[in-house]
Amino acid sequence: MDTLSNSTPHYSLGYSAEFIGFLRGLAEREFRYVSPYLEPGMRVLDVGCGPGFLSVLLAQGQLLGIDIEPTQVEIARATGQRSGCDNASFQLADAVDLPSEDDQYDLVHAGGLLLHLPDTARALGEMHRVLRPGGTIVCRELLPDAVFVHPDRRQLLKRGLQIFTDLVAADDGHPHIALALKPSLRRAGFDEIELTASFDVYDTPKRIDVFATLIERWFLGGDLGRWAQSYGAASDDLLAEVSRELGAWRRNPDALAGLAVATAAATKS
Ligand SMILES: C[S@@+](CC[C@H](N)C(=O)[O-])C[C@H]1O[C@@H](n2cnc3c(N)ncnc32)[C@H](O)[C@@H]1O
């Protein structure tokens with residue numbers, strides 16, 4: 001498969017099997033927040049589609065999913081085939097240079113993408129260009145300051161989250177883009193901007209196990225931890241301390257965590 005010059009040279013989340021598995025588990029829940037804007041037959045563009053688990057749910061008319069990473073495009077094509085979805089196609093492309101004519105789509109979706117982009121204004125400008133007049137953009141982004149973890153002795157798990165936001169910032173991303181979605185969309189030319197926020201809550205032993213295993217393997221003991229160390233965003237000792245706290249948290253019968261996510265929807269007039 002071809003490669004591209006890449007406007008996201010450092011993608012903070014990596015492409016580990018653990019994180020791809022997490023996205024698979026998230027897709028149905030994410031779909032609930034986008035589905036109010038979907039209608040049968042809509043032409044949909046999913047920007048930063050990743051492995052395509054959510055894209056195939058959004059493909060109720062024709063869907064194009066694009067991603068900057070060749071492995072994700074391949075996985076997304078396999079996801080489409082496995083789910084018998086013949087109205088979705090996937091293409092290697094950069095969010096700042098979309099491979100579509102002007103005014104093509106009824107709905108443009110970007111989930112968990114904007115926080116990684118060095119140039120969010122250019123990407124939103126592209127999304128505005130390819131959306132038809134009257135079409136809708138839906139963006140979903142993490143709200144790091146509203147995430148809760150309980151119990152969190154010595155605020156160690158919050159410090160783990162700070163390591164993550166420092167890493168995204170070091171990678172030229174915008175970890176707090178969720179708070180700036182309103183002005184960013186307005187400046188890109190969108191109007192009728194609506195924002196809502198929700199929590200993906202980890203409460204049952206099974207969900208807590210999934211969440212803690214992801215953080216342990218993918219973040220603290222995986223690529224992200226190593227990258228954070230290389231940027232000076234975390235020391236070995238801090239990662240080990242957060243990991244010990246995570247171990248205590250997951251064994252606590254009262255454990256609870258909520259990932260806060262903002263959804264912004266807006267219109268091109
Ligand atoms: C967190 S994943 C989200 C995947 C999918 N939207 C979902 O919700 O399951 C973000 C994706 O954005 C892609 N990405 C990052 N920078 C990009 C860019 N400049 N253009 C297109 N895709 C990009 C990454 O490769 C990754 O697959």
# chains A, B, ... in the order shown; residues from 1 in each chain; ligands from 1
call {"tool": "residues_near_ligand", "arguments": {"ligand": "ligand 1", "cutoff": "7 Å", "atoms": "only C-alpha atoms and all ligand atoms", "output": "ChimeraX atom specification"}}
result
/A:6-8,11,13,23,27,47-54,66-69,72,93-96,110-113,116-117
call {"tool": "write_last_selection", "arguments": {"atoms": "N, CA and C atoms", "output": "mmCIF file, in the first residue's frame"}}
result
data_model
loop_
_atom_site.group_PDB
_atom_site.id
_atom_site.type_symbol
_atom_site.label_atom_id
_atom_site.label_comp_id
_atom_site.auth_asym_id
_atom_site.auth_seq_id
_atom_site.Cartn_x
_atom_site.Cartn_y
_atom_site.Cartn_z
ATOM 1 N N ASN A 6 2.880 12.891 6.023
ATOM 2 C CA ASN A 6 1.930 12.719 7.114
ATOM 3 C C ASN A 6 1.874 13.974 7.968
ATOM 4 N N SER A 7 0.681 14.585 8.073
ATOM 5 C CA SER A 7 0.572 15.805 8.867
ATOM 6 C C SER A 7 0.500 15.504 10.369
ATOM 7 N N THR A 8 0.443 14.212 10.737
ATOM 8 C CA THR A 8 0.477 13.824 12.164
ATOM 9 C C THR A 8 1.727 12.970 12.364
ATOM 10 N N TYR A 11 1.934 10.101 16.286
ATOM 11 C CA TYR A 11 0.578 9.773 16.710
ATOM 12 C C TYR A 11 0.664 9.106 18.079
ATOM 13 N N LEU A 13 -1.179 7.603 20.293
ATOM 14 C CA LEU A 13 -1.818 6.389 20.816
ATOM 15 C C LEU A 13 -1.179 5.106 20.311
ATOM 16 N N LEU A 23 -10.864 -0.111 20.916
ATOM 17 C CA LEU A 23 -11.746 0.595 19.968
ATOM 18 C C LEU A 23 -12.888 -0.315 19.507
ATOM 19 N N ALA A 27 -17.054 0.739 19.953
ATOM 20 C CA ALA A 27 -17.759 1.209 18.754
ATOM 21 C C ALA A 27 -19.273 1.332 18.945
ATOM 22 N N VAL A 47 -13.466 10.526 9.095
ATOM 23 C CA VAL A 47 -12.074 10.998 9.007
ATOM 24 C C VAL A 47 -11.299 10.471 10.214
ATOM 25 N N GLY A 48 -10.184 9.767 9.965
ATOM 26 C CA GLY A 48 -9.457 9.124 11.056
ATOM 27 C C GLY A 48 -10.241 7.903 11.510
ATOM 28 N N CYS A 49 -10.594 7.060 10.536
ATOM 29 C CA CYS A 49 -11.523 5.938 10.803
ATOM 30 C C CYS A 49 -10.875 4.822 11.611
ATOM 31 N N GLY A 50 -9.520 4.804 11.701
ATOM 32 C CA GLY A 50 -8.854 3.735 12.440
ATOM 33 C C GLY A 50 -9.259 2.377 11.900
ATOM 34 N N PRO A 51 -9.496 1.395 12.772
ATOM 35 C CA PRO A 51 -9.801 0.031 12.315
ATOM 36 C C PRO A 51 -11.213 -0.140 11.757
ATOM 37 N N GLY A 52 -12.009 0.933 11.733
ATOM 38 C CA GLY A 52 -13.294 0.895 11.008
ATOM 39 C C GLY A 52 -14.455 0.279 11.768
ATOM 40 N N PHE A 53 -14.282 -0.009 13.055
ATOM 41 C CA PHE A 53 -15.385 -0.671 13.787
ATOM 42 C C PHE A 53 -16.610 0.240 13.884
ATOM 43 N N LEU A 54 -16.350 1.528 14.102
ATOM 44 C CA LEU A 54 -17.460 2.474 14.150
ATOM 45 C C LEU A 54 -17.920 2.820 12.733
ATOM 46 N N ILE A 66 -11.322 7.338 5.920
ATOM 47 C CA ILE A 66 -9.921 7.600 5.565
ATOM 48 C C ILE A 66 -9.070 7.590 6.828
ATOM 49 N N ASP A 67 -7.826 7.180 6.672
ATOM 50 C CA ASP A 67 -6.887 7.200 7.797
ATOM 51 C C ASP A 67 -5.486 7.406 7.244
ATOM 52 N N ILE A 68 -4.640 7.981 8.081
ATOM 53 C CA ILE A 68 -3.262 8.294 7.686
ATOM 54 C C ILE A 68 -2.361 7.052 7.761
ATOM 55 N N GLU A 69 -2.840 6.000 8.410
ATOM 56 C CA GLU A 69 -1.964 4.862 8.706
ATOM 57 C C GLU A 69 -2.380 3.645 7.866
ATOM 58 N N GLN A 72 -4.088 0.635 9.470
ATOM 59 C CA GLN A 72 -5.468 0.840 9.923
ATOM 60 C C GLN A 72 -6.440 0.745 8.751
ATOM 61 N N ALA A 93 -5.435 8.421 3.432
ATOM 62 C CA ALA A 93 -5.459 9.861 3.142
ATOM 63 C C ALA A 93 -5.226 10.627 4.433
ATOM 64 N N ASP A 94 -4.865 11.890 4.257
ATOM 65 C CA ASP A 94 -4.582 12.762 5.390
ATOM 66 C C ASP A 94 -5.772 13.697 5.613
ATOM 67 N N ALA A 95 -6.130 13.890 6.881
ATOM 68 C CA ALA A 95 -7.270 14.758 7.216
ATOM 69 C C ALA A 95 -7.086 16.181 6.705
ATOM 70 N N VAL A 96 -5.848 16.608 6.478
ATOM 71 C CA VAL A 96 -5.649 17.992 6.019
ATOM 72 C C VAL A 96 -5.665 18.094 4.495
ATOM 73 N N ALA A 110 -15.638 12.785 12.798
ATOM 74 C CA ALA A 110 -14.229 12.676 13.218
ATOM 75 C C ALA A 110 -14.240 12.351 14.701
ATOM 76 N N GLY A 111 -13.914 11.112 15.039
ATOM 77 C CA GLY A 111 -13.946 10.679 16.449
ATOM 78 C C GLY A 111 -12.540 10.417 16.954
ATOM 79 N N GLY A 112 -12.134 11.103 18.011
ATOM 80 C CA GLY A 112 -10.818 10.875 18.610
ATOM 81 C C GLY A 112 -9.684 11.216 17.669
ATOM 82 N N LEU A 113 -9.905 12.169 16.785
ATOM 83 C CA LEU A 113 -8.905 12.525 15.777
ATOM 84 C C LEU A 113 -8.278 13.880 16.053
ATOM 85 N N HIS A 116 -5.098 14.887 18.016
ATOM 86 C CA HIS A 116 -3.765 14.468 17.549
ATOM 87 C C HIS A 116 -3.205 15.357 16.449
ATOM 88 N N LEU A 117 -4.032 16.215 15.867
ATOM 89 C CA LEU A 117 -3.598 16.931 14.670
ATOM 90 C C LEU A 117 -2.873 18.219 15.028
#
call {"tool": "closest_atom_pairs", "arguments": {"of": "segment 149-212 of chain A", "to": "segment 231-238 of chain A", "cutoff": "9 Å", "atoms": "only C-alpha atoms", "output": "CSV"}}
result
residue,atom,partner,partner_atom,distance
A:Leu156,CA,A:Leu238,CA,8.8
A:Arg159,CA,A:Leu238,CA,8.8
A:Gly160,CA,A:Leu238,CA,8.5
A:Gln162,CA,A:Ala233,CA,8.7
A:Ile163,CA,A:Ala233,CA,5.8
A:Phe164,CA,A:Ala233,CA,8.3
A:Asp166,CA,A:Ala233,CA,6.0
A:Leu167,CA,A:Ala233,CA,6.4
A:Ala170,CA,A:Tyr231,CA,7.1
call {"tool": "select_by_dssp", "arguments": {"residues": "segment 32-267 of chain A", "states": "helix (DSSP H, G or I)", "output": "VMD selection string"}}
result
chain A and resid 32 to 37 53 to 58 70 to 82 114 to 116 120 to 130 144 to 146 153 to 170 177 to 187 205 to 220 223 to 230 236 to 251
call {"tool": "closest_residue", "arguments": {"among": "A:Arg154, A:Arg77, A:Arg24, A:His174", "to": "Leu142 of chain A", "atoms": "only C-alpha atoms"}}
result
A:His174
call {"tool": "closest_residue", "arguments": {"among": "A:Gln229, A:Ser198, A:Gln81, A:Thr204", "to": "Ala260 of chain A", "atoms": "only C-alpha atoms"}}
result
A:Ser198
call {"tool": "closest_residue", "arguments": {"among": "A:Glu18, A:Cys85, A:Arg43, A:Phe148", "to": "Thr213 of chain A", "atoms": "only C-alpha atoms"}}
result
A:Glu18
call {"tool": "residues_around", "arguments": {"residues": "Arg244 of chain A", "least_positions_apart": "3", "cutoff": "12 Å", "atoms": "only C-alpha atoms", "output": "compact mmCIF listing (two decimals) with C-alpha atoms, in the first residue's frame"}}
result
# COMPACT_ATOMS: atom_id res chain seq x y z
CA ASP A 152 -7.65 7.72 43.70
CA ARG A 153 -5.30 7.82 46.66
CA LEU A 156 -1.92 9.12 41.26
CA LEU A 157 -4.32 8.03 38.56
CA GLY A 160 -1.34 9.20 34.96
CA ALA A 212 -7.22 -1.44 33.92
CA ILE A 215 -4.00 1.16 30.86
CA GLU A 216 -1.45 -1.29 32.25
CA LEU A 220 2.08 2.29 31.60
CA GLY A 221 3.95 -0.80 30.43
CA ASP A 237 9.45 5.77 39.16
CA LEU A 238 6.27 7.71 38.44
CA LEU A 239 5.06 5.09 35.93
CA ALA A 240 5.76 2.33 38.49
CA GLU A 241 3.92 4.28 41.20
CA GLY A 247 -3.36 -2.47 40.73
CA ALA A 248 -4.89 -1.41 44.08
CA TRP A 249 -7.75 0.40 42.30
CA ARG A 250 -8.78 -2.55 40.16
CA ARG A 251 -8.98 -4.84 43.24
call {"tool": "select_by_dssp", "arguments": {"residues": "segment 115-200 of chain A", "states": "strand (DSSP E or B)", "output": "PyMOL selection string"}}
result
chain A and resi 131-142+148-150+191-200
call {"tool": "write_last_selection", "arguments": {"atoms": "N, CA and C atoms", "output": "compact mmCIF listing (two decimals), in the first residue's frame"}}
result
# COMPACT_ATOMS: atom_id res chain seq x y z
N LEU A 131 -18.17 18.84 2.89
CA LEU A 131 -19.56 18.69 3.35
C LEU A 131 -20.48 19.49 2.42
N ARG A 132 -21.66 18.96 2.12
CA ARG A 132 -22.59 19.73 1.27
C ARG A 132 -23.25 20.81 2.13
N PRO A 133 -23.70 21.91 1.51
CA PRO A 133 -24.44 22.90 2.28
C PRO A 133 -25.64 22.23 2.95
N GLY A 134 -25.83 22.50 4.21
CA GLY A 134 -26.91 21.85 4.98
C GLY A 134 -26.45 20.57 5.65
N GLY A 135 -25.23 20.11 5.32
CA GLY A 135 -24.71 18.87 5.91
C GLY A 135 -24.20 19.10 7.34
N THR A 136 -23.95 17.99 8.03
CA THR A 136 -23.59 18.05 9.46
C THR A 136 -22.20 17.45 9.70
N ILE A 137 -21.45 18.12 10.58
CA ILE A 137 -20.19 17.54 11.07
C ILE A 137 -20.42 17.10 12.51
N VAL A 138 -19.89 15.92 12.87
CA VAL A 138 -19.96 15.47 14.27
C VAL A 138 -18.54 15.10 14.70
N CYS A 139 -18.08 15.74 15.77
CA CYS A 139 -16.74 15.45 16.31
C CYS A 139 -16.88 14.98 17.74
N ARG A 140 -16.10 13.97 18.11
CA ARG A 140 -16.09 13.52 19.51
C ARG A 140 -14.66 13.51 20.04
N GLU A 141 -14.47 14.16 21.19
CA GLU A 141 -13.12 14.24 21.74
C GLU A 141 -13.14 14.09 23.26
N LEU A 142 -12.08 13.51 23.78
CA LEU A 142 -11.92 13.33 25.23
C LEU A 142 -11.86 14.69 25.94
N PHE A 148 -13.09 11.10 35.70
CA PHE A 148 -12.99 10.82 37.14
C PHE A 148 -12.57 9.38 37.39
N VAL A 149 -11.81 9.22 38.47
CA VAL A 149 -11.38 7.89 38.91
C VAL A 149 -11.55 7.86 40.42
N HIS A 150 -12.19 6.82 40.92
CA HIS A 150 -12.43 6.73 42.36
C HIS A 150 -12.23 5.28 42.81
N ASP A 191 -21.89 26.62 11.48
CA ASP A 191 -22.78 27.25 12.45
C ASP A 191 -23.76 26.24 13.03
N GLU A 192 -24.72 26.74 13.81
CA GLU A 192 -25.63 25.87 14.59
C GLU A 192 -24.83 24.85 15.39
N ILE A 193 -23.81 25.34 16.08
CA ILE A 193 -22.91 24.43 16.82
C ILE A 193 -23.57 24.02 18.14
N GLU A 194 -23.63 22.71 18.37
CA GLU A 194 -24.22 22.17 19.61
C GLU A 194 -23.19 21.30 20.29
N LEU A 195 -23.03 21.47 21.59
CA LEU A 195 -22.08 20.62 22.33
C LEU A 195 -22.78 19.85 23.42
N THR A 196 -22.47 18.58 23.53
CA THR A 196 -22.96 17.80 24.67
C THR A 196 -21.76 17.04 25.22
N ALA A 197 -21.90 16.57 26.45
CA ALA A 197 -20.81 15.78 27.04
C ALA A 197 -21.41 14.54 27.67
N SER A 198 -20.62 13.47 27.70
CA SER A 198 -21.11 12.22 28.28
C SER A 198 -19.94 11.50 28.93
N PHE A 199 -20.27 10.50 29.73
CA PHE A 199 -19.22 9.70 30.37
C PHE A 199 -19.33 8.26 29.92
N ASP A 200 -18.20 7.67 29.59
CA ASP A 200 -18.15 6.23 29.38
C ASP A 200 -17.69 5.66 30.74
call {"tool": "atom_distance", "arguments": {"atom1": "atom CA of Ala266 of chain A", "atom2": "atom CA of Leu185 of chain A"}}
result
7.5 Å
call {"tool": "decode", "arguments": {"residues": "segment 176-232 of chain A", "atoms": "C-alpha atoms", "output": "PDB file, in the first residue's frame"}}
result
ATOM      1  CA  HIS A 176      -7.755  19.910  25.436  1.00  0.00           C
ATOM      2  CA  ILE A 177      -9.245  20.446  21.958  1.00  0.00           C
ATOM      3  CA  ALA A 178     -12.658  19.368  23.311  1.00  0.00           C
ATOM      4  CA  LEU A 179     -12.876  22.685  25.179  1.00  0.00           C
ATOM      5  CA  ALA A 180     -12.048  24.594  21.998  1.00  0.00           C
ATOM      6  CA  LEU A 181     -14.423  22.787  19.629  1.00  0.00           C
ATOM      7  CA  LYS A 182     -16.922  25.636  19.629  1.00  0.00           C
ATOM      8  CA  PRO A 183     -14.534  28.401  18.436  1.00  0.00           C
ATOM      9  CA  SER A 184     -12.649  25.968  16.183  1.00  0.00           C
ATOM     10  CA  LEU A 185     -15.832  24.946  14.363  1.00  0.00           C
ATOM     11  CA  ARG A 186     -17.031  28.547  14.156  1.00  0.00           C
ATOM     12  CA  ARG A 187     -13.714  29.699  12.653  1.00  0.00           C
ATOM     13  CA  ALA A 188     -13.879  26.867  10.100  1.00  0.00           C
ATOM     14  CA  GLY A 189     -17.207  28.306   8.892  1.00  0.00           C
ATOM     15  CA  PHE A 190     -19.704  26.020  10.656  1.00  0.00           C
ATOM     16  CA  ASP A 191     -22.781  27.251  12.453  1.00  0.00           C
ATOM     17  CA  GLU A 192     -25.631  25.873  14.587  1.00  0.00           C
ATOM     18  CA  ILE A 193     -22.907  24.435  16.824  1.00  0.00           C
ATOM     19  CA  GLU A 194     -24.223  22.174  19.608  1.00  0.00           C
ATOM     20  CA  LEU A 195     -22.082  20.620  22.325  1.00  0.00           C
ATOM     21  CA  THR A 196     -22.956  17.804  24.668  1.00  0.00           C
ATOM     22  CA  ALA A 197     -20.813  15.776  27.037  1.00  0.00           C
ATOM     23  CA  SER A 198     -21.111  12.219  28.275  1.00  0.00           C
ATOM     24  CA  PHE A 199     -19.218   9.699  30.368  1.00  0.00           C
ATOM     25  CA  ASP A 200     -18.152   6.226  29.385  1.00  0.00           C
ATOM     26  CA  VAL A 201     -18.333   4.690  32.858  1.00  0.00           C
ATOM     27  CA  TYR A 202     -16.274   1.692  34.024  1.00  0.00           C
ATOM     28  CA  ASP A 203     -18.208   0.218  36.906  1.00  0.00           C
ATOM     29  CA  THR A 204     -18.677  -3.567  36.745  1.00  0.00           C
ATOM     30  CA  PRO A 205     -15.777  -5.923  37.588  1.00  0.00           C
ATOM     31  CA  LYS A 206     -15.581  -6.957  33.929  1.00  0.00           C
ATOM     32  CA  ARG A 207     -15.430  -3.394  32.599  1.00  0.00           C
ATOM     33  CA  ILE A 208     -12.953  -2.360  35.291  1.00  0.00           C
ATOM     34  CA  ASP A 209     -10.767  -5.277  34.321  1.00  0.00           C
ATOM     35  CA  VAL A 210     -10.871  -4.312  30.632  1.00  0.00           C
ATOM     36  CA  PHE A 211     -10.025  -0.699  31.451  1.00  0.00           C
ATOM     37  CA  ALA A 212      -7.218  -1.442  33.921  1.00  0.00           C
ATOM     38  CA  THR A 213      -5.657  -4.072  31.625  1.00  0.00           C
ATOM     39  CA  LEU A 214      -5.638  -1.567  28.761  1.00  0.00           C
ATOM     40  CA  ILE A 215      -4.000   1.158  30.858  1.00  0.00           C
ATOM     41  CA  GLU A 216      -1.446  -1.288  32.249  1.00  0.00           C
ATOM     42  CA  ARG A 217      -0.416  -2.942  28.973  1.00  0.00           C
ATOM     43  CA  TRP A 218      -0.855  -0.178  26.427  1.00  0.00           C
ATOM     44  CA  PHE A 219      -0.003   2.877  28.470  1.00  0.00           C
ATOM     45  CA  LEU A 220       2.079   2.290  31.604  1.00  0.00           C
ATOM     46  CA  GLY A 221       3.947  -0.804  30.432  1.00  0.00           C
ATOM     47  CA  GLY A 222       3.711  -0.233  26.669  1.00  0.00           C
ATOM     48  CA  ASP A 223       4.640   2.193  23.936  1.00  0.00           C
ATOM     49  CA  LEU A 224       3.009   5.236  25.535  1.00  0.00           C
ATOM     50  CA  GLY A 225       4.959   4.876  28.766  1.00  0.00           C
ATOM     51  CA  ARG A 226       8.198   4.589  26.807  1.00  0.00           C
ATOM     52  CA  TRP A 227       7.372   7.596  24.631  1.00  0.00           C
ATOM     53  CA  ALA A 228       6.352   9.647  27.683  1.00  0.00           C
ATOM     54  CA  GLN A 229       9.711   8.813  29.281  1.00  0.00           C
ATOM     55  CA  SER A 230      11.604   9.785  26.155  1.00  0.00           C
ATOM     56  CA  TYR A 231       9.891  13.211  26.186  1.00  0.00           C
ATOM     57  CA  GLY A 232      10.515  13.651  29.917  1.00  0.00           C
TER      58      GLY A 232
END
